[in-house]
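Engineer: work20.tsv (TSV, C-alpha atoms) pasted underneath:
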```tsv
chain	number	residue	atom	x	y	z
A	1	MET	CA	-3.98	-13.67	16.05
A	2	LYS	CA	-7.69	-14.13	16.45
A	3	LYS	CA	-8.79	-17.51	15.12
A	4	TYR	CA	-12.28	-18.52	14.08
A	5	ILE	CA	-13.64	-21.83	15.34
A	6	LEU	CA	-16.03	-23.33	12.83
A	7	THR	CA	-18.22	-26.38	13.09
A	8	ALA	CA	-17.18	-27.63	9.68
A	9	ALA	CA	-14.36	-27.12	7.24
A	10	CYS	CA	-16.76	-26.07	4.51
A	11	LEU	CA	-19.84	-23.98	5.17
A	12	THR	CA	-22.26	-22.25	2.84
A	13	PHE	CA	-24.04	-19.10	3.96
A	14	ALA	CA	-26.83	-18.05	1.67
A	15	VAL	CA	-29.62	-15.57	2.01
A	16	PRO	CA	-32.73	-17.71	1.41
A	17	ALA	CA	-34.30	-17.23	-2.00
A	18	MET	CA	-35.60	-19.19	-4.96
A	19	ALA	CA	-32.67	-20.26	-7.15
A	20	GLU	CA	-34.00	-18.60	-10.32
A	21	ASP	CA	-34.39	-15.30	-8.47
A	22	THR	CA	-30.90	-15.07	-7.05
A	23	ILE	CA	-27.66	-13.34	-7.94
A	24	LYS	CA	-24.85	-15.63	-6.83
A	25	LEU	CA	-21.53	-14.44	-5.46
A	26	GLY	CA	-19.03	-17.24	-4.78
A	27	LEU	CA	-16.41	-16.76	-2.07
A	28	GLY	CA	-13.82	-19.53	-1.66
A	29	VAL	CA	-11.95	-17.73	1.10
A	30	PRO	CA	-9.85	-18.62	4.16
A	31	MET	CA	-12.34	-19.08	6.98
A	32	THR	CA	-9.75	-20.97	9.03
A	33	GLY	CA	-6.00	-20.64	9.43
A	34	ASP	CA	-3.70	-17.63	9.73
A	35	TYR	CA	-5.43	-15.64	7.01
A	36	ALA	CA	-8.97	-16.08	8.36
A	37	PRO	CA	-9.04	-12.60	9.98
A	38	TYR	CA	-8.44	-11.09	6.55
A	39	ALA	CA	-11.27	-12.78	4.62
A	40	GLU	CA	-14.30	-10.78	3.53
A	41	TRP	CA	-17.18	-13.21	3.89
A	42	GLN	CA	-18.88	-11.77	6.99
A	43	GLY	CA	-19.15	-8.30	5.49
A	44	ALA	CA	-20.42	-9.70	2.20
A	45	ARG	CA	-23.03	-11.77	3.98
A	46	CYS	CA	-24.23	-8.79	6.05
A	47	MET	CA	-24.46	-6.40	3.10
A	48	ALA	CA	-26.38	-9.01	1.09
A	49	GLU	CA	-28.89	-9.34	3.89
A	50	MET	CA	-29.26	-5.55	4.06
A	51	ILE	CA	-29.89	-5.28	0.32
A	52	ASN	CA	-32.24	-8.26	0.29
A	53	ALA	CA	-34.24	-6.82	3.18
A	54	ASP	CA	-34.67	-3.68	1.09
A	55	GLY	CA	-36.09	-5.59	-1.86
A	56	GLY	CA	-32.97	-6.97	-3.49
A	57	VAL	CA	-31.64	-5.93	-6.89
A	58	ASP	CA	-34.28	-5.58	-9.60
A	59	GLY	CA	-36.41	-7.99	-7.59
A	60	LYS	CA	-33.62	-10.57	-7.27
A	61	LYS	CA	-31.99	-11.64	-4.03
A	62	ILE	CA	-28.23	-11.79	-3.57
A	63	GLU	CA	-27.02	-15.22	-2.55
A	64	VAL	CA	-23.56	-15.34	-0.97
A	65	LEU	CA	-21.97	-18.77	-1.33
A	66	VAL	CA	-19.08	-19.20	1.10
A	67	GLN	CA	-16.75	-22.16	1.59
A	68	ASP	CA	-13.44	-22.45	3.36
A	69	SER	CA	-10.36	-22.53	1.15
A	70	GLY	CA	-7.98	-22.30	4.10
A	71	GLY	CA	-4.67	-21.16	2.67
A	72	ASP	CA	-4.63	-23.72	-0.14
A	73	THR	CA	-4.60	-22.63	-3.77
A	74	GLN	CA	-5.86	-25.92	-5.18
A	75	THR	CA	-8.83	-25.85	-2.82
A	76	ALA	CA	-9.57	-22.29	-3.90
A	77	ILE	CA	-9.48	-23.31	-7.58
A	78	SER	CA	-11.82	-26.25	-6.92
A	79	LEU	CA	-14.25	-24.02	-5.06
A	80	ALA	CA	-14.17	-21.46	-7.86
A	81	GLN	CA	-15.10	-24.18	-10.35
A	82	LYS	CA	-17.89	-25.35	-8.04
A	83	PHE	CA	-19.35	-21.85	-7.71
A	84	LEU	CA	-19.08	-21.21	-11.43
A	85	ASP	CA	-20.97	-24.43	-12.15
A	86	GLU	CA	-23.65	-23.21	-9.73
A	87	GLY	CA	-24.06	-19.98	-11.69
A	88	ALA	CA	-21.96	-17.47	-9.74
A	89	VAL	CA	-21.63	-14.18	-11.62
A	90	MET	CA	-18.66	-12.98	-9.55
A	91	LEU	CA	-16.01	-14.63	-7.38
A	92	GLY	CA	-13.69	-13.88	-4.48
A	93	THR	CA	-10.77	-16.01	-3.33
A	94	ILE	CA	-7.55	-16.03	-1.27
A	95	PRO	CA	-6.15	-12.47	-1.61
A	96	PHE	CA	-2.67	-13.42	-2.85
A	97	SER	CA	-1.60	-13.37	-6.48
A	98	ASP	CA	-0.47	-17.01	-6.60
A	99	THR	CA	-4.13	-17.93	-6.00
A	100	MET	CA	-5.95	-15.01	-7.58
A	101	ILE	CA	-4.28	-15.48	-10.97
A	102	PRO	CA	-5.21	-19.16	-11.52
A	103	VAL	CA	-8.70	-18.59	-10.12
A	104	ALA	CA	-9.17	-15.67	-12.52
A	105	GLN	CA	-7.99	-17.87	-15.39
A	106	VAL	CA	-10.60	-20.50	-14.52
A	107	ALA	CA	-13.30	-17.84	-14.19
A	108	ALA	CA	-12.39	-16.28	-17.54
A	109	GLU	CA	-13.74	-19.33	-19.36
A	110	TYR	CA	-17.18	-18.38	-17.97
A	111	GLY	CA	-16.80	-14.65	-18.58
A	112	VAL	CA	-16.78	-14.15	-14.80
A	113	SER	CA	-14.56	-11.68	-12.94
A	114	ILE	CA	-12.78	-11.82	-9.60
A	115	PHE	CA	-13.50	-8.97	-7.17
A	116	GLN	CA	-11.09	-8.79	-4.24
A	117	PRO	CA	-12.06	-5.97	-1.88
A	118	GLN	CA	-8.75	-6.00	0.02
A	119	SER	CA	-6.04	-7.14	-2.40
A	120	THR	CA	-3.24	-4.57	-2.75
A	121	GLN	CA	-0.66	-6.70	-4.59
A	122	VAL	CA	0.71	-5.15	-7.76
A	123	GLU	CA	1.07	-8.46	-9.61
A	124	MET	CA	-2.64	-8.43	-10.42
A	125	HIS	CA	-2.29	-5.24	-12.47
A	126	ALA	CA	0.47	-6.43	-14.78
A	127	GLY	CA	-1.88	-7.65	-17.51
A	128	LEU	CA	-1.64	-11.38	-16.75
A	129	VAL	CA	-5.43	-11.50	-16.38
A	130	ASP	CA	-8.03	-8.99	-17.47
A	131	ASN	CA	-11.02	-10.24	-15.45
A	132	PHE	CA	-9.88	-8.91	-12.08
A	133	PHE	CA	-10.96	-6.03	-9.85
A	134	THR	CA	-9.68	-4.95	-6.48
A	135	GLY	CA	-11.70	-2.48	-4.45
A	136	VAL	CA	-8.57	-0.78	-3.08
A	137	SER	CA	-5.44	0.88	-4.43
A	138	PRO	CA	-2.15	-1.04	-4.77
A	139	ASP	CA	0.62	-1.11	-2.18
A	140	PRO	CA	2.70	1.73	-3.65
A	141	PHE	CA	-0.13	4.10	-2.75
A	142	THR	CA	-0.30	2.97	0.89
A	143	ALA	CA	3.50	3.06	1.13
A	144	THR	CA	3.52	6.62	-0.18
A	145	ALA	CA	0.77	7.84	2.14
A	146	ALA	CA	2.65	6.41	5.14
A	147	ALA	CA	5.98	7.85	4.00
A	148	ASN	CA	4.49	11.30	3.50
A	149	TYR	CA	3.23	11.37	7.07
A	150	ALA	CA	6.55	10.02	8.36
A	151	LEU	CA	8.40	12.86	6.62
A	152	GLU	CA	5.98	15.35	8.18
A	153	GLN	CA	7.00	13.96	11.60
A	154	GLY	CA	10.66	14.62	10.85
A	155	VAL	CA	11.57	11.01	10.05
A	156	LYS	CA	14.90	10.80	8.22
A	157	ASN	CA	16.62	7.50	8.99
A	158	VAL	CA	14.59	4.34	8.39
A	159	VAL	CA	14.99	0.57	8.55
A	160	LEU	CA	12.94	-1.56	6.18
A	161	MET	CA	11.88	-5.10	7.06
A	162	THR	CA	11.05	-7.29	4.07
A	163	SER	CA	9.78	-10.82	3.46
A	164	ASP	CA	8.99	-12.74	0.28
A	165	GLU	CA	6.27	-14.75	2.03
A	166	GLY	CA	3.46	-12.28	1.30
A	167	GLY	CA	4.42	-11.55	-2.30
A	168	SER	CA	4.99	-7.92	-3.25
A	169	TRP	CA	2.91	-6.79	-0.27
A	170	SER	CA	5.59	-7.78	2.25
A	171	ALA	CA	8.60	-7.72	-0.11
A	172	ARG	CA	8.22	-4.50	-2.08
A	173	THR	CA	5.90	-2.24	-0.05
A	174	PRO	CA	8.72	-1.42	2.39
A	175	LEU	CA	10.96	-0.58	-0.57
A	176	TRP	CA	8.40	1.85	-2.00
A	177	PHE	CA	8.16	3.44	1.45
A	178	GLY	CA	11.95	3.80	1.40
A	179	ASP	CA	11.89	5.33	-2.08
A	180	VAL	CA	9.55	8.10	-0.93
A	181	ILE	CA	11.58	8.69	2.23
A	182	GLU	CA	14.75	9.07	0.18
A	183	ALA	CA	12.99	11.35	-2.32
A	184	GLY	CA	12.04	13.50	0.68
A	185	GLY	CA	15.64	13.78	1.87
A	186	GLY	CA	15.78	10.78	4.20
A	187	GLU	CA	17.95	7.67	4.18
A	188	VAL	CA	17.36	3.93	4.26
A	189	LEU	CA	19.91	2.70	6.80
A	190	SER	CA	19.25	-1.02	6.41
A	191	LYS	CA	16.99	-3.64	4.86
A	192	LEU	CA	16.37	-6.63	7.12
A	193	ASN	CA	14.65	-9.91	6.28
A	194	PHE	CA	11.94	-11.53	8.38
A	195	SER	CA	9.54	-14.49	8.25
A	196	PHE	CA	5.84	-14.61	9.08
A	197	GLY	CA	5.31	-16.16	12.49
A	198	THR	CA	8.34	-14.48	14.06
A	199	SER	CA	8.09	-14.34	17.85
A	200	ASP	CA	11.68	-13.36	18.57
A	201	TRP	CA	12.88	-10.23	16.83
A	202	SER	CA	16.17	-10.07	18.72
A	203	PRO	CA	18.38	-10.71	15.63
A	204	GLN	CA	16.82	-7.79	13.75
A	205	ILE	CA	16.84	-5.61	16.86
A	206	ALA	CA	20.53	-6.33	17.41
A	207	GLU	CA	21.25	-5.19	13.84
A	208	ILE	CA	19.23	-2.02	14.38
A	209	LYS	CA	21.11	-1.20	17.57
A	210	ALA	CA	24.43	-1.75	15.80
A	211	LEU	CA	23.73	0.90	13.14
A	212	ASP	CA	25.89	4.01	13.25
A	213	LYS	CA	22.90	6.36	13.09
A	214	PRO	CA	19.78	6.48	15.27
A	215	VAL	CA	16.69	4.98	13.65
A	216	ASP	CA	13.66	7.23	13.34
A	217	ALA	CA	11.27	4.62	11.94
A	218	VAL	CA	10.96	0.91	11.21
A	219	TYR	CA	8.65	-0.06	8.35
A	220	ILE	CA	7.10	-3.51	7.93
A	221	SER	CA	4.18	-5.06	6.02
A	222	SER	CA	3.19	-8.05	8.10
A	223	ILE	CA	0.34	-9.62	10.05
A	224	MET	CA	-0.69	-10.02	13.65
A	225	PRO	CA	0.48	-11.13	16.16
A	226	ASP	CA	3.97	-10.60	14.64
A	227	ILE	CA	3.50	-6.83	14.51
A	228	SER	CA	2.52	-6.45	18.15
A	229	VAL	CA	5.45	-8.61	19.25
A	230	LEU	CA	7.82	-6.42	17.23
A	231	ILE	CA	6.41	-3.24	18.76
A	232	ARG	CA	6.82	-4.57	22.29
A	233	GLN	CA	10.32	-5.90	21.73
A	234	LEU	CA	11.54	-2.69	20.09
A	235	LYS	CA	10.25	-0.70	23.04
A	236	SER	CA	11.79	-3.13	25.54
A	237	ALA	CA	15.12	-2.78	23.74
A	238	GLY	CA	15.03	0.98	24.18
A	239	ILE	CA	14.50	1.76	20.49
A	240	ASP	CA	12.25	4.82	20.43
A	241	ALA	CA	11.41	4.68	16.73
A	242	TRP	CA	8.13	4.95	14.92
A	243	VAL	CA	6.74	1.58	13.84
A	244	VAL	CA	5.04	2.08	10.50
A	245	GLY	CA	3.13	-0.32	8.31
A	246	SER	CA	0.34	-1.01	5.88
A	247	ASP	CA	-3.04	-2.73	5.99
A	248	GLY	CA	-1.84	-5.72	8.03
A	249	PHE	CA	-1.83	-3.36	11.02
A	250	ASP	CA	-5.59	-3.00	10.70
A	251	ASP	CA	-6.29	-6.25	12.55
A	252	PRO	CA	-8.26	-5.16	15.68
A	253	SER	CA	-5.96	-7.22	17.89
A	254	LEU	CA	-3.25	-4.58	17.41
A	255	ASP	CA	-5.32	-2.16	19.48
A	256	GLU	CA	-5.37	-4.64	22.35
A	257	ILE	CA	-1.65	-4.23	23.09
A	258	GLY	CA	-2.43	-0.73	24.38
A	259	ALA	CA	-5.01	-1.95	26.90
A	260	ASP	CA	-2.65	-1.70	29.90
A	261	ASP	CA	-0.30	0.96	28.52
A	262	PRO	CA	-1.82	3.08	25.73
A	263	SER	CA	1.50	4.87	25.25
A	264	ILE	CA	2.95	1.80	23.53
A	265	LEU	CA	0.89	2.82	20.47
A	266	ASP	CA	1.87	6.49	20.52
A	267	LYS	CA	4.49	6.02	17.79
A	268	VAL	CA	2.59	3.51	15.65
A	269	PHE	CA	0.75	4.41	12.45
A	270	PHE	CA	-0.21	2.71	9.21
A	271	ALA	CA	-1.74	3.40	5.83
A	272	THR	CA	-4.66	1.12	5.14
A	273	LEU	CA	-7.65	0.21	2.99
A	274	ALA	CA	-10.33	2.46	4.49
A	275	PRO	CA	-10.89	4.71	7.50
A	276	SER	CA	-11.42	2.45	10.51
A	277	HIS	CA	-11.51	4.87	13.45
A	278	ALA	CA	-14.43	5.00	15.86
A	279	ASP	CA	-16.81	7.21	13.87
A	280	SER	CA	-16.01	5.84	10.42
A	281	ALA	CA	-18.48	4.25	8.01
A	282	VAL	CA	-16.73	0.90	8.47
A	283	VAL	CA	-17.27	0.91	12.23
A	284	GLN	CA	-20.89	2.01	11.80
A	285	PHE	CA	-21.42	-0.85	9.33
A	286	MET	CA	-19.96	-3.37	11.80
A	287	ASN	CA	-22.25	-2.04	14.52
A	288	ASP	CA	-25.28	-2.30	12.22
A	289	CYS	CA	-24.35	-5.88	11.35
A	290	LYS	CA	-24.01	-6.74	15.03
A	291	GLU	CA	-27.55	-5.52	15.62
A	292	MET	CA	-28.60	-7.92	12.83
A	293	GLY	CA	-26.85	-10.79	14.63
A	294	ILE	CA	-23.87	-10.93	12.25
A	295	ASP	CA	-20.35	-10.52	13.65
A	296	VAL	CA	-18.09	-8.60	11.28
A	297	PRO	CA	-14.83	-8.55	13.26
A	298	GLY	CA	-12.78	-5.78	11.69
A	299	LEU	CA	-11.96	-3.84	8.55
A	300	PHE	CA	-10.93	-6.80	6.38
A	301	PRO	CA	-14.15	-8.79	6.87
A	302	ALA	CA	-16.11	-5.55	6.45
A	303	THR	CA	-14.65	-4.92	2.99
A	304	GLY	CA	-16.80	-7.74	1.65
A	305	ALA	CA	-19.62	-5.21	1.74
A	306	ASP	CA	-17.85	-3.33	-1.05
A	307	THR	CA	-17.92	-6.42	-3.26
A	308	VAL	CA	-21.65	-6.86	-2.77
A	309	LYS	CA	-22.48	-3.16	-3.20
A	310	ALA	CA	-20.41	-2.91	-6.38
A	311	LEU	CA	-22.01	-6.05	-7.80
A	312	ALA	CA	-25.52	-4.87	-6.92
A	313	TRP	CA	-24.86	-1.42	-8.39
A	314	ALA	CA	-23.53	-2.83	-11.67
A	315	ILE	CA	-26.54	-5.13	-12.11
A	316	GLU	CA	-29.05	-2.41	-11.24
A	317	THR	CA	-27.30	0.11	-13.52
A	318	SER	CA	-27.00	-2.23	-16.50
A	319	GLY	CA	-30.21	-4.18	-15.96
A	320	SER	CA	-28.26	-7.38	-16.60
A	321	THR	CA	-26.78	-10.27	-14.62
A	322	ASP	CA	-24.49	-11.25	-17.49
A	323	PRO	CA	-20.96	-11.41	-15.99
A	324	LYS	CA	-19.32	-9.61	-18.91
A	325	THR	CA	-21.89	-6.83	-18.79
A	326	ILE	CA	-21.28	-6.50	-15.04
A	327	ALA	CA	-17.53	-6.10	-15.64
A	328	ASP	CA	-18.01	-3.63	-18.48
A	329	THR	CA	-20.38	-1.56	-16.34
A	330	LEU	CA	-17.89	-1.39	-13.48
A	331	ARG	CA	-15.05	-0.36	-15.80
A	332	SER	CA	-17.00	2.37	-17.56
A	333	ALA	CA	-18.40	4.10	-14.46
A	334	ASP	CA	-17.21	7.48	-13.25
A	335	SER	CA	-18.29	6.62	-9.72
A	336	ILE	CA	-19.36	3.43	-7.94
A	337	PRO	CA	-20.85	3.68	-4.44
A	338	VAL	CA	-19.35	1.30	-1.87
A	339	MET	CA	-19.40	0.98	1.90
A	340	SER	CA	-15.83	1.63	3.05
A	341	VAL	CA	-15.48	4.99	1.24
A	342	ASP	CA	-18.00	7.19	-0.55
A	343	GLU	CA	-17.07	6.05	-4.05
A	344	ILE	CA	-14.51	4.29	-6.21
A	345	SER	CA	-13.77	4.19	-9.95
A	346	PHE	CA	-12.06	1.80	-12.34
A	347	LYS	CA	-12.52	4.01	-15.40
A	348	GLU	CA	-8.87	5.02	-15.73
A	349	THR	CA	-7.15	2.17	-13.89
A	350	LYS	CA	-9.29	-0.80	-15.14
A	351	THR	CA	-8.26	-3.25	-12.39
A	352	TYR	CA	-7.77	-1.29	-9.16
A	353	ALA	CA	-9.90	1.31	-7.47
A	354	GLN	CA	-9.07	4.97	-7.51
A	355	ARG	CA	-9.75	6.06	-3.95
A	356	THR	CA	-8.25	7.92	-1.03
A	357	ILE	CA	-5.64	6.28	1.22
A	358	PRO	CA	-6.30	6.74	4.95
A	359	VAL	CA	-3.47	6.87	7.47
A	360	ILE	CA	-4.43	5.70	10.96
A	361	GLY	CA	-2.56	6.50	14.17
A	362	PHE	CA	-3.34	6.32	17.88
A	363	LYS	CA	-4.12	8.83	20.62
A	364	GLU	CA	-4.40	7.50	24.16
A	365	GLY	CA	-4.69	4.01	22.70
A	366	LYS	CA	-7.61	4.88	20.39
A	367	ARG	CA	-7.50	5.04	16.61
A	368	VAL	CA	-7.44	8.46	14.99
A	369	LEU	CA	-7.62	9.37	11.32
A	370	ILE	CA	-4.46	11.28	10.43
A	371	SER	CA	-5.03	11.86	6.72
A	372	ASN	CA	-7.18	10.53	3.90
A	373	VAL	CA	-6.03	11.68	0.46
A	374	ILE	CA	-4.83	10.25	-2.85
A	375	PRO	CA	-1.03	10.66	-2.75
A	376	GLU	CA	0.41	12.42	-5.80
A	377	ASN	CA	4.04	11.33	-5.37
A	378	THR	CA	3.65	7.56	-5.68
A	379	PRO	CA	6.73	5.87	-7.20
A	380	LYS	CA	6.23	5.61	-10.95
A	381	ASP	CA	8.05	2.34	-11.60
A	382	TRP	CA	5.63	-0.04	-9.92
A	383	ASN	CA	3.52	-0.88	-13.00
```
Could you render the structure as structure tokens?

Structural biologist:
Amino acid sequence: MKKYILTAACLTFAVPAMAEDTIKLGLGVPMTGDYAPYAEWQGARCMAEMINADGGVDGKKIEVLVQDSGGDTQTAISLAQKFLDEGAVMLGTIPFSDTMIPVAQVAAEYGVSIFQPQSTQVEMHAGLVDNFFTGVSPDPFTATAAANYALEQGVKNVVLMTSDEGGSWSARTPLWFGDVIEAGGGEVLSKLNFSFGTSDWSPQIAEIKALDKPVDAVYISSIMPDISVLIRQLKSAGIDAWVVGSDGFDDPSLDEIGADDPSILDKVFFATLAPSHADSAVVQFMNDCKEMGIDVPGLFPATGADTVKALAWAIETSGSTDPKTIADTLRSADSIPVMSVDEISFKETKTYAQRTIPVIGFKEGKRVLISNVIPENTPKDWN
């Protein structure tokens, strides 16, 4: 997994402006550690600079406050309090429910909302907090989009790999995938456990090879480099099954395993947060940021642009920087322009974005967009 080497544990990136003329967004996110590739701060910083260069929002500049929370919930809570005391009108944090929920509870005392541009966990939509937005759709939608494409490829027999370490994302997303496969006439042959950081998949592979039916697909929601190791070891073991996943596959380092042999990615696909193939808006945004001298290394960092665009749109539309007004404006809108897709809406869902779910595959080692629709057969029991 790509790591980021920083000169200090806590850094603040802010677009220069007078304090009274700024709109503050506070991001206490993992800039170091295993989850650093999945934090949104680079994209948020770049989009803020773009908007500020174009005059800001109602004459005000957007100031992105960023400090490293690592993977620690208590640090994230402390940083949220710090940003709130500094006047932040919106927050982002570690994108897992065991952090997002207490951070949202702290922010609620200030009327401030959390906006996570890449959080797909269903726990955040269960009514525990009401000051939360995610710019993407929950995991059952990505699971369904992936399962629909798998069924189109003739997949019948599947193995599901689950882990409790990533909350519902890694524990239940495979199960929703399995539900859709079974509804389409397929069968879940086995459910196997795994842990993040696995470098030897031989126990799971041995169980797969011992099954009495051939496996058409293995589904897993996990992170790099675990995914690439699994793909290689399945292929080395002679298991010619599709390897299917969710947004964790969207780490750019996955593409690198096809550098010497592009065919290793021929039977890999995943449903994810936004189209991330070569001519997508996300890739164009990353290229534009690079020209500005800002490295936005992949889809997850790029999604921070959605946070900033949504915040700027709500303030411009309402004419107010009051946090509650911002939240009310987002929830009442038919359409909110963002970067990663043309538009999103919270009007019917309140906490998660209604948007299309792209499925990404590979052709000759390069990403291709397979489909990009809102699935209509998502399991109904998730919320």

Engineer: Interatomic distance between atom CA of Ile344 of chain A and atom CA of Ala53 of chain A?

Structural biologist: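 Atom-to-atom, atom CA of Ile344 of chain A to atom CA of Ala53 of chain A, that is 24.5 Å.
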
Engineer: Return the single residue from A:Gly293, A:Gly71, A:Gly55, A:Gly319 that is closest to Met31 of chain A, with distances computed using all atoms listed in the file.

Structural biologist: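 When distances to Met31 of chain A are compared using all atoms listed in the file, the smallest one comes from A:Gly71.
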
Engineer: What is the distance, in Å and to one decimal place, between atom CA of Cys289 of chain A and atom CA of Glu63 of chain A?

Structural biologist: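 Separating atom CA of Cys289 of chain A from atom CA of Glu63 of chain A is a distance of 17.0 Å.
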
Engineer: Between A:Phe141, A:Trp169, A:Trp41, A:Phe83, single out the one closest to Ser221 of chain A, counting all atoms listed in the file.

Structural biologist: A:Trp169

Engineer: Identify which of the residues A:His277, A:Ala36, A:Ile357, A:Ile239 lies closest to Ala210 of chain A, counting all atoms listed in the file when measuring atom-to-atom distances.

Structural biologist: A:Ile239

Engineer: Excluding Gly56 of chain A and residues on its chain fewer than 6 positions from it, collect all residues at most 12 Å away from it, counting only C-alpha atoms, and give them as number ranges by chain.

Structural biologist: A: 15-17, 21-23, 47-50, 62-63, 308-309, 311-313, 315-316

Engineer: Just want the 9 Å neighbourhood of Leu234 of chain A, counted on only C-alpha atoms, with same-chain residues fewer than 6 positions away dropped. Output as a PyMOL selection string.

Structural biologist: chain A and resi 201-202+205+240-241+243

Engineer: Mind dumping a table of every segment 251-346 of chain A residue within 9 Å of segment 360-371 of chain A, with the nearest atom pair and its distance in Å to one decimal, using only C-alpha atoms, sorted by chain and rising number, as a Markdown table?

Structural biologist:
```
| residue | atom | partner | partner_atom | distance |
| --- | --- | --- | --- | --- |
| A:Asp255 | CA | A:Gly365 | CA | 7.0 |
| A:Glu256 | CA | A:Gly365 | CA | 8.7 |
| A:Ile257 | CA | A:Gly365 | CA | 8.8 |
| A:Gly258 | CA | A:Gly365 | CA | 5.5 |
| A:Ala259 | CA | A:Gly365 | CA | 7.3 |
| A:Asp261 | CA | A:Gly365 | CA | 7.9 |
| A:Pro262 | CA | A:Gly365 | CA | 4.3 |
| A:Ser263 | CA | A:Glu364 | CA | 6.6 |
| A:Ile264 | CA | A:Gly365 | CA | 8.0 |
| A:Leu265 | CA | A:Phe362 | CA | 6.1 |
| A:Asp266 | CA | A:Phe362 | CA | 5.8 |
| A:Lys267 | CA | A:Phe362 | CA | 7.8 |
| A:Val268 | CA | A:Gly361 | CA | 6.1 |
| A:Phe269 | CA | A:Gly361 | CA | 4.3 |
| A:Phe270 | CA | A:Ile360 | CA | 5.5 |
| A:Ala271 | CA | A:Ile360 | CA | 6.2 |
| A:Thr272 | CA | A:Ile360 | CA | 7.4 |
| A:Pro275 | CA | A:Leu369 | CA | 6.9 |
| A:Ser276 | CA | A:Arg367 | CA | 7.7 |
| A:His277 | CA | A:Arg367 | CA | 5.1 |
| A:Ala278 | CA | A:Arg367 | CA | 7.0 |
```

Engineer: Atom CA of Gln116 of chain A and atom CA of Leu128 of chain A are how many Å apart?

Structural biologist: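 Taking atom CA of Gln116 of chain A and atom CA of Leu128 of chain A, their separation equals 15.9 Å.
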
Engineer: Counting all atoms listed in the file, what is within 9 Å of Asp251 of chain A, bar same-chain residues fewer than 5 positions away, as a ChimeraX atom specification?

Structural biologist: /A:1-2,37-38,223-224,297-300

Engineer: Please write the residues from the selection above to a file, keeping C-alpha atoms, as an mmCIF file, keeping the file's coordinate frame.

Structural biologist:
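Below you can see result.cif, which holds the result:
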```
data_model
loop_
_atom_site.group_PDB
_atom_site.id
_atom_site.type_symbol
_atom_site.label_atom_id
_atom_site.label_comp_id
_atom_site.auth_asym_id
_atom_site.auth_seq_id
_atom_site.Cartn_x
_atom_site.Cartn_y
_atom_site.Cartn_z
ATOM 1 C CA MET A 1 -3.980 -13.670 16.050
ATOM 2 C CA LYS A 2 -7.690 -14.130 16.450
ATOM 3 C CA PRO A 37 -9.040 -12.600 9.980
ATOM 4 C CA TYR A 38 -8.440 -11.090 6.550
ATOM 5 C CA ILE A 223 0.340 -9.620 10.050
ATOM 6 C CA MET A 224 -0.690 -10.020 13.650
ATOM 7 C CA PRO A 297 -14.830 -8.550 13.260
ATOM 8 C CA GLY A 298 -12.780 -5.780 11.690
ATOM 9 C CA LEU A 299 -11.960 -3.840 8.550
ATOM 10 C CA PHE A 300 -10.930 -6.800 6.380
#
```

Engineer: Taking N, CA and C atoms as the atom set, what does segment 282-293 of chain A look like once completed, written as a compact mmCIF listing (two decimals), in the frame of the given file?

Structural biologist:
```txt
# COMPACT_ATOMS: atom_id res chain seq x y z
N VAL A 282 -17.02 2.31 8.26
CA VAL A 282 -16.73 0.90 8.47
C VAL A 282 -17.20 0.46 9.86
N VAL A 283 -16.87 1.25 10.86
CA VAL A 283 -17.27 0.91 12.23
C VAL A 283 -18.78 0.96 12.38
N GLN A 284 -19.43 1.94 11.74
CA GLN A 284 -20.89 2.01 11.80
C GLN A 284 -21.51 0.78 11.14
N PHE A 285 -20.93 0.35 10.01
CA PHE A 285 -21.42 -0.85 9.33
C PHE A 285 -21.28 -2.07 10.24
N MET A 286 -20.15 -2.22 10.90
CA MET A 286 -19.96 -3.37 11.80
C MET A 286 -20.97 -3.35 12.93
N ASN A 287 -21.25 -2.15 13.45
CA ASN A 287 -22.25 -2.04 14.52
C ASN A 287 -23.64 -2.41 14.01
N ASP A 288 -23.98 -1.95 12.80
CA ASP A 288 -25.28 -2.30 12.22
C ASP A 288 -25.41 -3.81 12.02
N CYS A 289 -24.33 -4.43 11.56
CA CYS A 289 -24.35 -5.88 11.35
C CYS A 289 -24.53 -6.62 12.68
N LYS A 290 -23.88 -6.11 13.72
CA LYS A 290 -24.01 -6.74 15.03
C LYS A 290 -25.45 -6.71 15.50
N GLU A 291 -26.14 -5.61 15.25
CA GLU A 291 -27.55 -5.52 15.62
C GLU A 291 -28.39 -6.53 14.84
N MET A 292 -27.91 -6.91 13.64
CA MET A 292 -28.60 -7.92 12.83
C MET A 292 -28.22 -9.34 13.24
N GLY A 293 -27.29 -9.47 14.19
CA GLY A 293 -26.85 -10.79 14.63
C GLY A 293 -25.70 -11.35 13.82
```
